[in-house]
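J.: Mind looking over this structure? Questions follow.
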Amino acid sequence: MSFERYDNLFIEGNIKSVPFTSKRRVMDKAVPNRNRREHGHYLQKKLEKLWQDAKEIDESRTAVSLPIRQGTYIEFESSPDFELTTKSMEDRKKGIRLLNVRTVKNEEDKEIKKATVFVPKGQENTYLKKIKDYLDKETKKGKPKNQKLVESIENIRLAVLESFWPPSQVSLIPKEQPEWCEIWLSSDNDDVERKFRSLIANTLNLPIQEETLKFPERRVILVKANREQLQEIILSSSDIAEIRKAAEINSFFIEMDNSEQVEWSKDLLERIEIEETPNVCICILDTGVNNGHLLLEPLLKDEDCQSYMEEWGTDDHHGHGTKMAGLSAYGDLKTALENQSKIKIYHNLESC
């Protein structure tokens with residue numbers, strides 16, 4: 001067995017410090033200015049209506065012998081460009097669990113934080129009491145009690161299917177055709193998993209994989225379901241934290257005919273938006289890059305392909321550099337190909 005030896009690159013000396021200020025817009029951590037009475041009473045009415053709706057849903061399901069969960073999923077929403085005080089939303093002693101926090105864009109392209117929370121039966125008054133204390137009580141410093149939590153909340157509603165999906169995957173929610181989905185349970189408890197598997201297999205009669213992926217405080221199980229069936233899972237189980245589309249294995253794309261691969265590439269090209277004057281460039285120090293590839297051509301110009309020795313040429317003589325260029329350009333290419341939304345690219349490439 002033979003090994004190739006490569007010298008490492010060490011850059012020494014000629015170091016110059018340059019002040020840096022990020023141009024990235026940072027969300028304001030402060031809470032919006034609120035009228036205490038108006039805002040408190042507004043959220044109070046929203047919660048009261050929410051709990052009444054949840055009660056009616058349970059009663060209607062019980063009337064036709066459908067399973068009901070032992071609690072309610074609710075979703076909190078922040079004001080545009082403000083944060084939610086999510087730490088105060090969870091109370092493990094009362095069984096109130098913060099399941100996920102997401103950032104979405106509204107119609108004005110402003111960021112909104114959303115948090116999905118599970119509230120067990122018997123704890124419906126927990127948030128109502130926090131709001132009542134906000135209206136009626138002050139801290140030692142003379143500020144409304146629970147001010148940061150209550151004033152960070154713009155809206156409250158019953159959670160829906162989208163409340164459990166990462167914003168980047170909402171377009172991948174199955175429609176009428178069942179698809180394999182990752183169900184992320186909110187616990188790593190064996191009894192919770194057994195109860196969930198029994199619900200899926202014996203009550204809802206849905207296909208479920210035997211394997212389980214285990215994380216601290218989370219278990220991931222694959223279930224095959226369409227949109228309506230996923231909604232039924234949420235209405236039946238108290239233990240859902242997140243739902244995602246199960247990842248397709250890369251061989252799906254690799255084993256395609258060349259003509260099919262080209263069609264997928266063209267579809268992705270139509271969805272990418274490249275920054276016209278990017279201030280970031282990634283240089284691939286590798287075996288050269290074949291920049292004639294459909295997905296690399298828009299990001300890597302011929303004049304940006306260089307070689308230390310002219311006789312080496314700038315084309316990829318080993319195959320490695322082109323793959324690294326693709327990784328640098330798109331990250332997880334499989335995700336980009338599967339996604340149907342626009343993809344913004346803020347950098348270009350160089351090769352040496």
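Chain identifiers are assigned as A, B, and so on, following the order in which chains appear in the structure tokens; residues are numbered from 1 within each chain, and ligands are numbered from 1 in order of appearance.
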Would you mind listing what lies within 7 Å of region 36-52 of chain A as a list in words, with only C-alpha atoms counted and same-chain residues fewer than 6 positions away left out?

T.: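 Within the cut-off, the hits are Leu128, Ile131, Leu135, Ile156, Arg157 and Leu158 of chain A.
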
J.: Using the chain letters and numbers from this document, which residues of region 154-274 of chain A does DSSP assign to strand (DSSP E), as a ChimeraX atom specification?

T.: /A:155-158,179-185,213-215,218-225,240-245,272-274

J.: Compare A:Ile57, A:Ala336, A:Gly321, A:Arg97 by their minimum atom-to-atom distance to Glu217 (chain A), counting only C-alpha atoms, and give me the closest one.

T.: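 For Glu217 (chain A), the nearest of the candidates is A:Arg97.
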
J.: Select, from A:Leu172, A:Leu300, A:Ile221, A:Ile343, the residue with the minimum atom-to-atom distance to Ala241 (chain A), counting only C-alpha atoms.

T.: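 Looking at the shortest contact to Ala241 (chain A), the residue is A:Ile221.
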
J.: Running DSSP on the backbone, which parts of region 14-84 of chain A land in helix (DSSP H, G or I), as a list in words?

T.: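 Of region 14-84 of chain A, the ones in helix (DSSP H, G or I) are Arg36, Arg37, Glu38, His39, Gly40, His41, Tyr42, Leu43, Gln44, Lys45, Lys46, Leu47, Glu48, Lys49, Leu50, Trp51, Gln52, Asp53, Ala54, Lys55, Glu56, Ile57, Asp58, Glu59, Ser60, Arg61, Thr62 and Ala63 of chain A.
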
J.: So which residues touch Ile243 (chain A) within 6 Å, counting only C-alpha atoms, skipping near sequence neighbours fewer than 2 positions away, as a PyMOL selection string?

T.: chain A and resi 164-165+182-184

J.: Restricting the calculation to only C-alpha atoms, which member of A:Leu149, A:Ala115, A:Leu295, A:Met89 is positioned closest to Asn348 (chain A)?

T.: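 Counting only C-alpha atoms, the residue closest to Asn348 (chain A) is A:Leu295.
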
J.: For region 286-288 of chain A, please output as a list in words all residues within 9 Å (counting only C-alpha atoms; exclusion window: fewer than 2 positions along the same chain).

T.: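 The residues that qualify are Ile284, Asn290, Cys305, Gln306, Ser307, Gly313, Thr314, Asp315, Asp316, His317, His318, Gly319, His320, Gly321, Thr322, Met324, Ser351 and Cys352 of chain A.
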
J.: Of the residues A:Ala246, A:Leu327, A:Leu161, A:Ala63, which is the one nearest to Arg227 (chain A), using only C-alpha atoms?

T.: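 Counting only C-alpha atoms, the residue closest to Arg227 (chain A) is A:Leu161.
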
J.: What is the CA of Ser328 (chain A)-CA of Val280 (chain A) distance in Å, reported with one decimal?

T.: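 These atoms are spaced 11.8 Å apart.
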
J.: If we count only C-alpha atoms and set the cut-off at 8 Å, which residues sit around region 192-205 of chain A, ignoring sequence neighbours fewer than 5 positions away in its own chain? Please answer as a tab-separated table (two decimals) with all heavy atoms, in the first residue's frame.

T.:
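Once written, result-v1.tsv looks like this:
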```tsv
chain	number	residue	atom	x	y	z
A	185	LEU	N	-40.34	13.21	18.97
A	185	LEU	CA	-41.06	13.18	20.23
A	185	LEU	C	-40.39	14.13	21.23
A	185	LEU	O	-39.17	14.34	21.21
A	185	LEU	CB	-41.09	11.76	20.80
A	185	LEU	CG	-41.73	10.69	19.91
A	185	LEU	CD1	-41.77	9.35	20.64
A	185	LEU	CD2	-43.13	11.10	19.49
A	187	SER	N	-39.82	13.75	24.28
A	187	SER	CA	-39.23	13.06	25.43
A	187	SER	C	-38.37	11.90	24.94
A	187	SER	O	-38.59	11.38	23.84
A	187	SER	CB	-40.33	12.54	26.36
A	187	SER	OG	-39.80	11.69	27.36
A	219	ARG	N	-36.73	11.75	20.75
A	219	ARG	CA	-36.64	10.52	19.97
A	219	ARG	C	-37.28	10.76	18.62
A	219	ARG	O	-38.32	11.44	18.55
A	219	ARG	CB	-37.32	9.36	20.70
A	219	ARG	CG	-36.56	8.96	21.96
A	219	ARG	CD	-36.89	7.58	22.46
A	219	ARG	NE	-36.12	7.30	23.67
A	219	ARG	CZ	-36.19	6.17	24.34
A	219	ARG	NH1	-37.00	5.19	23.92
A	219	ARG	NH2	-35.46	5.97	25.42
A	233	ILE	N	-52.39	12.99	13.89
A	233	ILE	CA	-51.37	12.63	14.88
A	233	ILE	C	-51.25	13.73	15.93
A	233	ILE	O	-51.19	13.47	17.14
A	233	ILE	CB	-50.01	12.39	14.19
A	233	ILE	CG1	-50.06	11.11	13.34
A	233	ILE	CG2	-48.89	12.29	15.22
A	233	ILE	CD1	-48.82	10.89	12.51
A	237	SER	N	-51.90	12.93	19.89
A	237	SER	CA	-50.72	12.69	20.74
A	237	SER	C	-50.31	13.95	21.49
A	237	SER	O	-50.35	15.06	20.95
A	237	SER	CB	-49.55	12.20	19.89
A	237	SER	OG	-48.37	12.12	20.67
A	239	ASP	N	-47.21	14.25	22.65
A	239	ASP	CA	-45.75	14.13	22.75
A	239	ASP	C	-44.99	14.54	21.49
A	239	ASP	O	-43.88	14.08	21.26
A	239	ASP	CB	-45.39	12.69	23.11
A	239	ASP	CG	-46.05	12.24	24.40
A	239	ASP	OD1	-45.80	12.91	25.43
A	239	ASP	OD2	-46.81	11.26	24.39
```
